[in-house]
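**Student:** protein26.cif is reproduced in full below (mmCIF, C-alpha atoms (C1' of nucleotides)).
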data_coords
loop_
_atom_site.group_PDB
_atom_site.id
_atom_site.type_symbol
_atom_site.label_atom_id
_atom_site.label_comp_id
_atom_site.auth_asym_id
_atom_site.auth_seq_id
_atom_site.Cartn_x
_atom_site.Cartn_y
_atom_site.Cartn_z
ATOM 1 C CA MET A 134 -2.403 22.615 11.141
ATOM 2 C CA ARG A 135 0.569 20.618 9.931
ATOM 3 C CA ILE A 136 0.451 16.827 10.104
ATOM 4 C CA ALA A 137 3.085 14.361 8.955
ATOM 5 C CA THR A 138 3.851 10.689 8.667
ATOM 6 C CA TRP A 139 7.299 9.117 8.727
ATOM 7 C CA ASN A 140 8.626 5.584 8.878
ATOM 8 C CA VAL A 141 11.757 6.277 10.931
ATOM 9 C CA ASN A 142 13.208 2.735 10.830
ATOM 10 C CA SER A 143 14.064 2.693 14.558
ATOM 11 C CA ILE A 144 13.390 5.715 16.698
ATOM 12 C CA ALA A 145 16.452 4.907 18.792
ATOM 13 C CA ALA A 146 18.759 4.972 15.773
ATOM 14 C CA ARG A 147 16.984 8.021 14.342
ATOM 15 C CA LEU A 148 16.470 10.081 17.493
ATOM 16 C CA PRO A 149 18.939 12.927 16.771
ATOM 17 C CA ARG A 150 17.599 13.280 13.256
ATOM 18 C CA LEU A 151 13.981 13.046 14.433
ATOM 19 C CA LEU A 152 14.479 15.744 17.052
ATOM 20 C CA ASP A 153 16.209 18.044 14.560
ATOM 21 C CA TRP A 154 13.439 17.426 12.054
ATOM 22 C CA LEU A 155 10.678 18.109 14.602
ATOM 23 C CA ASP A 156 12.436 21.288 15.628
ATOM 24 C CA SER A 157 12.797 22.558 12.058
ATOM 25 C CA THR A 158 9.531 21.300 10.532
ATOM 26 C CA ARG A 159 7.320 21.881 13.570
ATOM 27 C CA PRO A 160 4.452 19.555 12.667
ATOM 28 C CA ASP A 161 1.470 19.752 15.012
ATOM 29 C CA ALA A 162 0.960 15.992 14.886
ATOM 30 C CA VAL A 163 3.216 13.248 13.559
ATOM 31 C CA CYS A 164 2.500 9.608 12.839
ATOM 32 C CA LEU A 165 5.611 7.436 13.201
ATOM 33 C CA GLN A 166 6.160 3.862 12.068
ATOM 34 C CA GLU A 167 8.819 1.228 12.678
ATOM 35 C CA THR A 168 9.780 2.777 15.972
ATOM 36 C CA LYS A 169 11.156 -0.671 16.917
ATOM 37 C CA ILE A 170 11.049 0.063 20.621
ATOM 38 C CA PRO A 171 9.015 -1.145 23.618
ATOM 39 C CA ASP A 172 6.744 1.477 25.160
ATOM 40 C CA ASP A 173 8.741 1.567 28.399
ATOM 41 C CA THR A 174 11.933 2.646 26.619
ATOM 42 C CA PHE A 175 10.360 5.080 24.128
ATOM 43 C CA PRO A 176 12.394 8.340 24.211
ATOM 44 C CA ARG A 177 9.431 10.139 25.696
ATOM 45 C CA ALA A 178 11.317 12.830 27.605
ATOM 46 C CA GLU A 179 13.312 13.945 24.561
ATOM 47 C CA VAL A 180 10.152 14.336 22.482
ATOM 48 C CA GLU A 181 8.226 15.991 25.298
ATOM 49 C CA GLU A 182 11.048 18.486 25.606
ATOM 50 C CA LEU A 183 9.977 19.796 22.206
ATOM 51 C CA GLY A 184 6.391 20.169 23.360
ATOM 52 C CA TYR A 185 4.909 16.921 22.099
ATOM 53 C CA GLU A 186 2.692 14.439 23.855
ATOM 54 C CA VAL A 187 3.286 10.790 22.970
ATOM 55 C CA ALA A 188 0.963 7.883 22.208
ATOM 56 C CA ALA A 189 3.243 4.917 21.593
ATOM 57 C CA HIS A 190 2.430 1.327 20.721
ATOM 58 C CA GLY A 191 5.516 -0.853 20.527
ATOM 59 C CA ASP A 192 6.461 -4.425 21.176
ATOM 60 C CA GLY A 193 10.220 -4.686 20.856
ATOM 61 C CA ARG A 194 12.516 -5.437 17.990
ATOM 62 C CA TRP A 195 10.089 -5.143 15.098
ATOM 63 C CA ASN A 196 7.207 -2.869 14.131
ATOM 64 C CA GLY A 197 6.060 -0.188 16.546
ATOM 65 C CA VAL A 198 3.989 2.938 15.837
ATOM 66 C CA ALA A 199 3.332 6.229 17.583
ATOM 67 C CA VAL A 200 1.464 9.512 17.345
ATOM 68 C CA LEU A 201 3.176 12.664 18.600
ATOM 69 C CA SER A 202 1.114 15.801 19.049
ATOM 70 C CA ARG A 203 1.641 19.302 20.388
ATOM 71 C CA VAL A 204 -2.043 20.230 19.947
ATOM 72 C CA GLY A 205 -3.554 17.671 22.291
ATOM 73 C CA LEU A 206 -3.777 13.899 22.286
ATOM 74 C CA ALA A 207 -7.031 12.200 23.215
ATOM 75 C CA ASP A 208 -8.913 8.937 22.762
ATOM 76 C CA VAL A 209 -5.788 6.850 22.157
ATOM 77 C CA THR A 210 -6.559 3.442 20.653
ATOM 78 C CA ARG A 211 -3.895 0.760 20.355
ATOM 79 C CA GLY A 212 -4.451 -1.951 17.750
ATOM 80 C CA LEU A 213 -7.321 -2.702 15.364
ATOM 81 C CA VAL A 214 -10.704 -4.278 15.942
ATOM 82 C CA ALA A 215 -10.235 -8.069 15.723
ATOM 83 C CA GLU A 216 -6.643 -7.485 14.602
ATOM 84 C CA PRO A 217 -5.062 -10.565 12.990
ATOM 85 C CA GLY A 218 -1.570 -11.695 14.018
ATOM 86 C CA PHE A 219 1.476 -13.527 12.705
ATOM 87 C CA PRO A 220 0.592 -15.551 14.630
ATOM 88 C CA HIS A 221 -0.009 -13.044 17.425
ATOM 89 C CA PRO A 222 -1.138 -9.432 16.960
ATOM 90 C CA GLU A 223 1.735 -6.994 16.461
ATOM 91 C CA ALA A 224 2.175 -3.285 17.223
ATOM 92 C CA ARG A 225 1.103 -1.853 13.882
ATOM 93 C CA ALA A 226 -1.678 0.647 14.555
ATOM 94 C CA VAL A 227 -2.362 3.443 17.014
ATOM 95 C CA GLY A 228 -5.115 6.017 16.779
ATOM 96 C CA ALA A 229 -5.427 9.365 18.542
ATOM 97 C CA THR A 230 -7.444 12.559 18.253
ATOM 98 C CA CYS A 231 -5.329 15.707 17.954
ATOM 99 C CA SER A 232 -7.099 19.041 18.107
ATOM 100 C CA GLY A 233 -10.274 17.504 16.754
ATOM 101 C CA VAL A 234 -8.523 15.575 13.975
ATOM 102 C CA ARG A 235 -8.669 11.805 14.284
ATOM 103 C CA LEU A 236 -5.379 10.253 13.151
ATOM 104 C CA TRP A 237 -4.227 6.672 12.759
ATOM 105 C CA SER A 238 -0.567 5.738 12.424
ATOM 106 C CA VAL A 239 -0.333 2.392 10.639
ATOM 107 C CA TYR A 240 2.457 0.051 9.607
ATOM 108 C CA VAL A 241 0.946 -2.464 7.222
ATOM 109 C CA PRO A 242 2.658 -5.890 7.089
ATOM 110 C CA ASN A 243 5.134 -6.299 4.244
ATOM 111 C CA GLY A 244 3.705 -9.513 2.801
ATOM 112 C CA ARG A 245 7.120 -10.816 1.741
ATOM 113 C CA GLU A 246 5.897 -12.472 -1.476
ATOM 114 C CA PRO A 247 2.534 -13.318 -3.021
ATOM 115 C CA GLY A 248 1.473 -16.753 -1.854
ATOM 116 C CA HIS A 249 3.482 -16.475 1.376
ATOM 117 C CA GLU A 250 1.443 -16.750 4.552
ATOM 118 C CA HIS A 251 2.709 -13.261 5.410
ATOM 119 C CA TYR A 252 0.935 -12.023 2.266
ATOM 120 C CA ALA A 253 -2.347 -13.544 3.470
ATOM 121 C CA TYR A 254 -1.669 -11.861 6.808
ATOM 122 C CA LYS A 255 -1.149 -8.537 5.034
ATOM 123 C CA LEU A 256 -4.525 -8.784 3.292
ATOM 124 C CA ALA A 257 -6.272 -9.858 6.500
ATOM 125 C CA TRP A 258 -4.652 -6.954 8.332
ATOM 126 C CA LEU A 259 -5.818 -4.479 5.682
ATOM 127 C CA ALA A 260 -9.337 -5.897 6.000
ATOM 128 C CA ALA A 261 -9.201 -5.345 9.760
ATOM 129 C CA LEU A 262 -8.004 -1.789 9.139
ATOM 130 C CA ARG A 263 -10.977 -1.220 6.837
ATOM 131 C CA ASP A 264 -13.357 -2.602 9.465
ATOM 132 C CA THR A 265 -11.783 -0.468 12.205
ATOM 133 C CA VAL A 266 -12.028 2.688 10.115
ATOM 134 C CA SER A 267 -15.571 1.831 9.078
ATOM 135 C CA VAL A 268 -16.912 1.748 12.635
ATOM 136 C CA GLU A 269 -15.495 5.239 13.234
ATOM 137 C CA SER A 270 -17.627 6.640 10.375
ATOM 138 C CA PRO A 271 -14.828 8.886 9.119
ATOM 139 C CA GLU A 272 -16.563 10.442 6.126
ATOM 140 C CA SER A 273 -17.936 13.453 7.999
ATOM 141 C CA LEU A 274 -15.019 13.951 10.417
ATOM 142 C CA PRO A 275 -11.561 15.475 10.010
ATOM 143 C CA TYR A 276 -9.913 12.084 9.828
ATOM 144 C CA ALA A 277 -6.822 10.470 8.296
ATOM 145 C CA VAL A 278 -5.107 7.122 8.191
ATOM 146 C CA CYS A 279 -1.403 7.843 7.784
ATOM 147 C CA GLY A 280 1.543 5.546 7.511
ATOM 148 C CA ASP A 281 3.567 2.959 5.696
ATOM 149 C CA PHE A 282 0.931 1.026 3.753
ATOM 150 C CA ASN A 283 3.477 -1.159 1.968
ATOM 151 C CA VAL A 284 1.302 -0.835 -1.148
ATOM 152 C CA ALA A 285 2.019 1.354 -4.175
ATOM 153 C CA PRO A 286 -1.399 2.607 -5.292
ATOM 154 C CA THR A 287 -0.571 2.707 -9.024
ATOM 155 C CA ASP A 288 2.194 1.633 -11.386
ATOM 156 C CA ASP A 289 3.366 5.252 -11.442
ATOM 157 C CA ASP A 290 4.171 4.825 -7.754
ATOM 158 C CA VAL A 291 7.083 2.475 -8.411
ATOM 159 C CA TRP A 292 10.212 3.397 -10.360
ATOM 160 C CA ASP A 293 9.828 0.479 -12.755
ATOM 161 C CA PRO A 294 6.702 -1.689 -12.793
ATOM 162 C CA ALA A 295 8.598 -4.358 -14.717
ATOM 163 C CA VAL A 296 10.726 -4.989 -11.627
ATOM 164 C CA PHE A 297 7.598 -5.806 -9.637
ATOM 165 C CA THR A 298 6.157 -8.690 -11.599
ATOM 166 C CA ALA A 299 5.224 -11.402 -9.114
ATOM 167 C CA ALA A 300 6.122 -9.065 -6.263
ATOM 168 C CA THR A 301 4.191 -7.653 -3.352
ATOM 169 C CA HIS A 302 3.186 -3.974 -3.060
ATOM 170 C CA VAL A 303 1.572 -3.847 -6.518
ATOM 171 C CA THR A 304 -0.782 -6.837 -6.723
ATOM 172 C CA PRO A 305 -4.487 -6.313 -7.449
ATOM 173 C CA PRO A 306 -5.625 -7.664 -4.047
ATOM 174 C CA GLU A 307 -3.351 -5.193 -2.243
ATOM 175 C CA ARG A 308 -4.507 -2.302 -4.401
ATOM 176 C CA ASN A 309 -8.104 -3.404 -3.963
ATOM 177 C CA ALA A 310 -7.616 -3.129 -0.201
ATOM 178 C CA LEU A 311 -6.688 0.524 -0.719
ATOM 179 C CA ALA A 312 -9.746 0.982 -2.941
ATOM 180 C CA GLU A 313 -11.909 -0.377 -0.125
ATOM 181 C CA LEU A 314 -10.493 2.300 2.181
ATOM 182 C CA ARG A 315 -11.327 4.932 -0.420
ATOM 183 C CA ASP A 316 -14.836 3.461 -0.608
ATOM 184 C CA LEU A 317 -15.199 4.464 3.059
ATOM 185 C CA GLY A 318 -14.783 8.088 2.014
ATOM 186 C CA LEU A 319 -11.018 8.384 2.355
ATOM 187 C CA HIS A 320 -8.971 10.234 -0.262
ATOM 188 C CA ASP A 321 -5.351 9.690 -1.234
ATOM 189 C CA VAL A 322 -3.590 12.982 -0.464
ATOM 190 C CA VAL A 323 -0.831 12.835 -3.081
ATOM 191 C CA PRO A 324 2.112 14.982 -2.011
ATOM 192 C CA ARG A 325 4.258 16.972 -4.402
ATOM 193 C CA PRO A 326 7.859 15.891 -4.836
ATOM 194 C CA LEU A 327 10.506 18.462 -3.979
ATOM 195 C CA LYS A 328 12.582 17.142 -6.887
ATOM 196 C CA TYR A 329 11.956 14.964 -9.947
ATOM 197 C CA ASP A 330 8.508 14.163 -11.225
ATOM 198 C CA ARG A 331 7.085 11.604 -8.834
ATOM 199 C CA PRO A 332 6.502 11.763 -5.059
ATOM 200 C CA PHE A 333 8.379 8.665 -3.974
ATOM 201 C CA THR A 334 8.624 8.185 -0.219
ATOM 202 C CA TYR A 335 10.867 5.129 0.041
ATOM 203 C CA TRP A 336 14.199 4.250 -1.540
ATOM 204 C CA ASP A 337 16.152 1.097 -0.723
ATOM 205 C CA TYR A 338 19.406 1.730 1.122
ATOM 206 C CA ARG A 339 21.315 -0.383 -1.387
ATOM 207 C CA ALA A 340 22.878 0.418 -4.749
ATOM 208 C CA GLY A 341 22.421 4.184 -4.570
ATOM 209 C CA MET A 342 18.685 3.848 -5.108
ATOM 210 C CA PHE A 343 17.949 7.229 -3.544
ATOM 211 C CA HIS A 344 20.528 9.008 -5.621
ATOM 212 C CA ARG A 345 19.198 7.424 -8.800
ATOM 213 C CA ASN A 346 15.639 8.213 -7.636
ATOM 214 C CA LEU A 347 14.587 4.569 -7.900
ATOM 215 C CA GLY A 348 11.859 4.687 -5.278
ATOM 216 C CA MET A 349 8.303 3.903 -4.392
ATOM 217 C CA ARG A 350 5.329 5.828 -3.012
ATOM 218 C CA ILE A 351 4.110 3.590 -0.196
ATOM 219 C CA ASP A 352 3.790 6.074 2.667
ATOM 220 C CA LEU A 353 0.289 7.445 2.312
ATOM 221 C CA VAL A 354 -2.166 9.875 3.853
ATOM 222 C CA TYR A 355 -5.726 8.686 3.401
ATOM 223 C CA ALA A 356 -7.914 11.562 4.503
ATOM 224 C CA SER A 357 -11.657 12.049 4.836
ATOM 225 C CA LYS A 358 -13.277 14.607 2.533
ATOM 226 C CA PRO A 359 -13.481 17.335 5.206
ATOM 227 C CA LEU A 360 -9.761 16.974 5.805
ATOM 228 C CA ALA A 361 -8.747 16.408 2.168
ATOM 229 C CA ASP A 362 -10.713 19.498 1.107
ATOM 230 C CA ALA A 363 -8.775 21.551 3.647
ATOM 231 C CA VAL A 364 -5.332 20.542 2.372
ATOM 232 C CA ALA A 365 -3.308 23.627 1.492
ATOM 233 C CA ASP A 366 -0.078 21.825 0.630
ATOM 234 C CA ALA A 367 1.464 18.371 0.806
ATOM 235 C CA TYR A 368 5.039 17.375 0.049
ATOM 236 C CA VAL A 369 7.594 14.624 0.473
ATOM 237 C CA ASP A 370 10.473 15.905 2.576
ATOM 238 C CA ARG A 371 13.252 14.203 0.638
ATOM 239 C CA GLU A 372 15.794 16.389 2.417
ATOM 240 C CA ALA A 373 15.267 14.089 5.413
ATOM 241 C CA ARG A 374 16.408 11.109 3.299
ATOM 242 C CA LYS A 375 19.795 12.700 2.630
ATOM 243 C CA GLY A 376 23.038 12.653 4.515
ATOM 244 C CA LYS A 377 24.488 10.318 7.091
ATOM 245 C CA GLY A 378 22.243 7.851 8.879
ATOM 246 C CA PRO A 379 18.828 8.493 7.303
ATOM 247 C CA SER A 380 15.751 6.309 7.441
ATOM 248 C CA ASP A 381 15.041 4.585 4.142
ATOM 249 C CA HIS A 382 11.695 6.467 4.103
ATOM 250 C CA ALA A 383 11.103 10.212 3.791
ATOM 251 C CA PRO A 384 8.398 12.052 5.753
ATOM 252 C CA VAL A 385 5.178 13.161 4.088
ATOM 253 C CA VAL A 386 4.090 16.586 5.356
ATOM 254 C CA VAL A 387 0.527 17.878 4.931
ATOM 255 C CA ASP A 388 -0.615 21.420 5.711
ATOM 256 C CA ILE A 389 -4.308 21.837 6.445
ATOM 257 C CA ASP A 390 -6.432 24.962 6.748
ATOM 258 C CA LEU A 391 -9.373 23.805 8.817
ATOM 259 C CA PRO A 392 -12.255 26.256 9.318
ATOM 260 C "C1'" DA B 107 26.385 16.844 -5.124
ATOM 261 C "C1'" DT B 108 22.122 13.350 -2.142
ATOM 262 C "C1'" DG B 109 26.556 8.652 -2.931
ATOM 263 C "C1'" DC B 110 26.199 2.699 -3.566
ATOM 264 C "C1'" DC B 111 22.384 -1.156 3.239
ATOM 265 C "C1'" DT B 112 20.626 -0.898 7.926
ATOM 266 C "C1'" DT B 113 18.351 -2.471 12.108
ATOM 267 C "C1'" DA B 114 18.125 -4.997 16.906
ATOM 268 C "C1'" DT B 115 19.257 -9.016 18.845
ATOM 269 C "C1'" DT B 116 19.054 -14.910 19.719
ATOM 270 C "C1'" DT B 117 25.900 -10.165 18.474
ATOM 271 C "C1'" DC B 118 31.296 -11.347 15.295
ATOM 272 C "C1'" DA B 119 25.840 -14.077 12.441
ATOM 273 C "C1'" DT B 120 20.989 -13.695 11.474
ATOM 274 C "C1'" DA B 121 16.266 -12.291 9.998
ATOM 275 C "C1'" DA B 122 13.735 -8.790 8.095
ATOM 276 C "C1'" DG B 123 12.903 -4.986 5.353
ATOM 277 C "C1'" DA B 124 10.337 -3.964 0.162
#
In structure tokens, what does this structure look like?

**Tutor:**
Amino acid sequence: MRIATWNVNSIAARLPRLLDWLDSTRPDAVCLQETKIPDDTFPRAEVEELGYEVAAHGDGRWNGVAVLSRVGLADVTRGLVAEPGFPHPEARAVGATCSGVRLWSVYVPNGREPGHEHYAYKLAWLAALRDTVSVESPESLPYAVCGDFNVAPTDDDVWDPAVFTAATHVTPPERNALAELRDLGLHDVVPRPLKYDRPFTYWDYRAGMFHRNLGMRIDLVYASKPLADAVADAYVDREARKGKGPSDHAPVVVDIDLP
DNA sequence: ATGCCTTATTTCATAAGA
């Protein structure tokens, strides 16, 4: 089974590239983030044409997540338990079970800057994610939380830690929130880079950051032990970041050999 | 070469991204 996660930065703007990528990569299930589209205008027919079912959760201009699956899509859950808002809950999480594997597609709030009320929102949202995962008792199931976590787990996951002093994505409270997810029995499936030494998944559009490989690893797959133990390969598809009109994130692809 | 920001909308400017 091949699963993937990709922040597409607008599914409308990315649709031709997404369809080409689905056709060539053929993931069984894909978690998408920043679809930026209401559910009633999601390009459902185009995706279904390639054999995928769609569980979308969108609310307009910002945010938006989805799970696409060509191996079944059941028990769709939109939003978290007691999900906090800014001020109202946003479309940042959707869960679905695909061929016996429970997947969550998440788009964690950015936080803007430490001390900002959006940063407090980010931490509250991560706590709600932890609580939501906890009630599903993931440790003994094939289970993964996939998405744009907007947190770099370690200093090696940013191109230059010195640039991130007093910045979000690297602070101890954010990293502690990831540790609390790991305490629930989830494991960070670290993909291999296809080039260079570190598996960055995001590069700013500006200043040739991609071409200088000044990136971050913030798109993560947090998998339960049964799923993590079955991982045969995992890689960042940086090819999808190249060329004209890419997302600023690359997909993470994980191949699993489940018994 | 991979090439120096992009998105949707409150559109010819703005907010947000990270």

**Student:** Provide the atom CA of A:Asn283 to atom CA of A:Ala312 distance in Å, to one decimal place.

**Tutor:**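 So the two atoms, atom CA of A:Asn283 and atom CA of A:Ala312, lie 14.3 Å apart.
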
**Student:** Can you tell me, as a short mmCIF file (atom, residue, chain, number, x, y, z; two decimals) with C-alpha atoms, in the frame of the given file, what residues are no more than 6 Å from stretch 107-121 of chain B when counting all atoms listed in the file, ignoring any on the same chain fewer than 3 positions away?

**Tutor:**
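The file below, result27.cif, is the result:
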data_model
loop_
_atom_site.label_atom_id
_atom_site.label_comp_id
_atom_site.auth_asym_id
_atom_site.auth_seq_id
_atom_site.Cartn_x
_atom_site.Cartn_y
_atom_site.Cartn_z
CA ARG A 194 12.52 -5.44 17.99
CA TYR A 338 19.41 1.73 1.12
CA ARG A 339 21.32 -0.38 -1.39
CA ALA A 340 22.88 0.42 -4.75
CA GLY A 341 22.42 4.18 -4.57
CA HIS A 344 20.53 9.01 -5.62
CA LYS A 375 19.80 12.70 2.63
#

**Student:** Show me, as a PyMOL selection string, the residues that have an atom within 10 Å of stretch 180-182 of chain A when counting all atoms listed in the file, minus same-chain residues fewer than 6 positions from it.

**Tutor:** chain A and resi 148+151-152+155+201-203

**Student:** If you measure from atom CA of A:Pro326 to atom CA of A:Tyr368, what distance in Å do you get, rounded to one decimal?

**Tutor:**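 According to the coordinates, atom CA of A:Pro326 and atom CA of A:Tyr368 are separated by 5.8 Å.
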
**Student:** Starting from the PyMOL selection byres ((chain A and resi 275) around 10), expand the selection into actual residues of this file and give them as a ChimeraX atom specification.

**Tutor:** /A:230,232-236,271-274,276-277,356-363,391

**Student:** Return the neighbours of chain B among the residues of chain A, cut-off 9 Å, counting all atoms listed in the file, as a ChimeraX atom specification.

**Tutor:** /A:142-143,146,169,193-195,243,245,283,301-302,337-344,372,374-376,378,380-381

**Student:** Enter the distance from atom CA of A:Glu313 to atom CA of A:Leu347, in Å, rounded to one decimal.

**Tutor:**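 Straight-line distance from atom CA of A:Glu313 to atom CA of A:Leu347 works out to 28.1 Å.
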
**Student:** Edge lengths and centre, in Å to one decimal, as lines of an AutoDock Vina configuration file: that's what I need for the box along x, y and z that holds all listed atoms of stretch 110-120 of chain B plus 8 Å on each side.

**Tutor:**
center_x = 24.7
center_y = -6.1
center_z = 8.1
size_x = 29.2
size_y = 33.6
size_z = 39.3

**Student:** Excluding A:Arg308 and any residue of its chain fewer than 5 positions from it, enumerate the residues within 7 Å of it, using all atoms listed in the file, and give them as a PyMOL selection string.

**Tutor:** chain A and resi 284+286+303

**Student:** Using only C-alpha atoms, please write the residues we just selected to a file, as a JSON list (two decimals), in the frame of the given file.

**Tutor:**
[["chain", "number", "residue", "atom", "x", "y", "z"],
["A", 284, "VAL", "CA", 1.30, -0.84, -1.15],
["A", 286, "PRO", "CA", -1.40, 2.61, -5.29],
["A", 303, "VAL", "CA", 1.57, -3.85, -6.52]]

**Student:** Apply the PyMOL selection byres ((chain A and resi 207-213) around 6) to the displayed file and report the matching residues as a PDB file with C-alpha atoms, in the coordinates of the input.

**Tutor:**
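Output file part.pdb follows:
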ATOM      1  CA  LEU A 206      -3.777  13.899  22.286  1.00  0.00           C
ATOM      2  CA  VAL A 214     -10.704  -4.278  15.942  1.00  0.00           C
ATOM      3  CA  GLU A 216      -6.643  -7.485  14.602  1.00  0.00           C
ATOM      4  CA  ALA A 226      -1.678   0.647  14.555  1.00  0.00           C
ATOM      5  CA  VAL A 227      -2.362   3.443  17.014  1.00  0.00           C
ATOM      6  CA  GLY A 228      -5.115   6.017  16.779  1.00  0.00           C
ATOM      7  CA  ALA A 229      -5.427   9.365  18.542  1.00  0.00           C
ATOM      8  CA  THR A 230      -7.444  12.559  18.253  1.00  0.00           C
ATOM      9  CA  THR A 265     -11.783  -0.468  12.205  1.00  0.00           C
TER      10      THR A 265
END

**Student:** Would you kindly translate the PyMOL selection byres ((chain A and resi 253) around 12) into the concrete residues it picks from this file, as a VMD selection string?

**Tutor:** chain A and resid 217 to 220 242 to 252 254 to 260 301 306 to 307

**Student:** Ranking A:Val200, A:Ile144, A:Leu317, A:Phe297 by minimum distance to A:Glu179 and counting all atoms listed in the file, which one comes first?

**Tutor:**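 Among A:Val200, A:Ile144, A:Leu317, A:Phe297, it is A:Ile144 that comes nearest to A:Glu179.
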
**Student:** Which residues are close to stretch 164-167 of chain A, i.e. within 6 Å by all atoms listed in the file, leaving aside same-chain residues fewer than 6 positions away? Reply as a list in words.

**Tutor:**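 The residues that qualify are Thr138, Trp139, Asn140, Asn142, Ser143, Asn196, Gly197, Val198, Ala199, Val200, Ser238 and Tyr240 of chain A.
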
**Student:** Could you add N, CA and C atoms to stretch 319-331 of chain A and give me the result as a PDB file, in the coordinates of the input?

**Tutor:**
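part-v4.pdb written:
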ATOM      1  N   LEU A 319     -12.374   7.862   2.171  1.00  0.00           N
ATOM      2  CA  LEU A 319     -11.018   8.384   2.355  1.00  0.00           C
ATOM      3  C   LEU A 319     -10.407   8.711   0.993  1.00  0.00           C
ATOM      4  N   HIS A 320      -9.577   9.746   0.975  1.00  0.00           N
ATOM      5  CA  HIS A 320      -8.971  10.234  -0.262  1.00  0.00           C
ATOM      6  C   HIS A 320      -7.453  10.212  -0.127  1.00  0.00           C
ATOM      7  N   ASP A 321      -6.807   9.752  -1.185  1.00  0.00           N
ATOM      8  CA  ASP A 321      -5.351   9.690  -1.234  1.00  0.00           C
ATOM      9  C   ASP A 321      -4.807  11.106  -1.418  1.00  0.00           C
ATOM     10  N   VAL A 322      -4.195  11.649  -0.362  1.00  0.00           N
ATOM     11  CA  VAL A 322      -3.590  12.982  -0.464  1.00  0.00           C
ATOM     12  C   VAL A 322      -2.200  12.808  -1.076  1.00  0.00           C
ATOM     13  N   VAL A 323      -2.091  13.063  -2.366  1.00  0.00           N
ATOM     14  CA  VAL A 323      -0.831  12.835  -3.081  1.00  0.00           C
ATOM     15  C   VAL A 323       0.070  14.044  -2.873  1.00  0.00           C
ATOM     16  N   PRO A 324       1.233  13.837  -2.267  1.00  0.00           N
ATOM     17  CA  PRO A 324       2.112  14.982  -2.011  1.00  0.00           C
ATOM     18  C   PRO A 324       2.872  15.370  -3.276  1.00  0.00           C
ATOM     19  N   ARG A 325       3.403  16.580  -3.282  1.00  0.00           N
ATOM     20  CA  ARG A 325       4.258  16.972  -4.402  1.00  0.00           C
ATOM     21  C   ARG A 325       5.692  16.579  -4.070  1.00  0.00           C
ATOM     22  N   PRO A 326       6.438  16.173  -5.082  1.00  0.00           N
ATOM     23  CA  PRO A 326       7.859  15.891  -4.836  1.00  0.00           C
ATOM     24  C   PRO A 326       8.620  17.209  -4.768  1.00  0.00           C
ATOM     25  N   LEU A 327       9.678  17.254  -3.999  1.00  0.00           N
ATOM     26  CA  LEU A 327      10.506  18.462  -3.979  1.00  0.00           C
ATOM     27  C   LEU A 327      11.516  18.435  -5.115  1.00  0.00           C
ATOM     28  N   LYS A 328      11.667  17.260  -5.744  1.00  0.00           N
ATOM     29  CA  LYS A 328      12.582  17.142  -6.887  1.00  0.00           C
ATOM     30  C   LYS A 328      12.109  15.966  -7.720  1.00  0.00           C
ATOM     31  N   TYR A 329      12.398  15.985  -8.999  1.00  0.00           N
ATOM     32  CA  TYR A 329      11.956  14.964  -9.947  1.00  0.00           C
ATOM     33  C   TYR A 329      10.435  15.008 -10.093  1.00  0.00           C
ATOM     34  N   ASP A 330       9.912  14.044 -10.811  1.00  0.00           N
ATOM     35  CA  ASP A 330       8.508  14.163 -11.225  1.00  0.00           C
ATOM     36  C   ASP A 330       7.535  13.379 -10.363  1.00  0.00           C
ATOM     37  N   ARG A 331       8.027  12.444  -9.577  1.00  0.00           N
ATOM     38  CA  ARG A 331       7.085  11.604  -8.834  1.00  0.00           C
ATOM     39  C   ARG A 331       7.382  11.624  -7.336  1.00  0.00           C
TER      40      ARG A 331
END
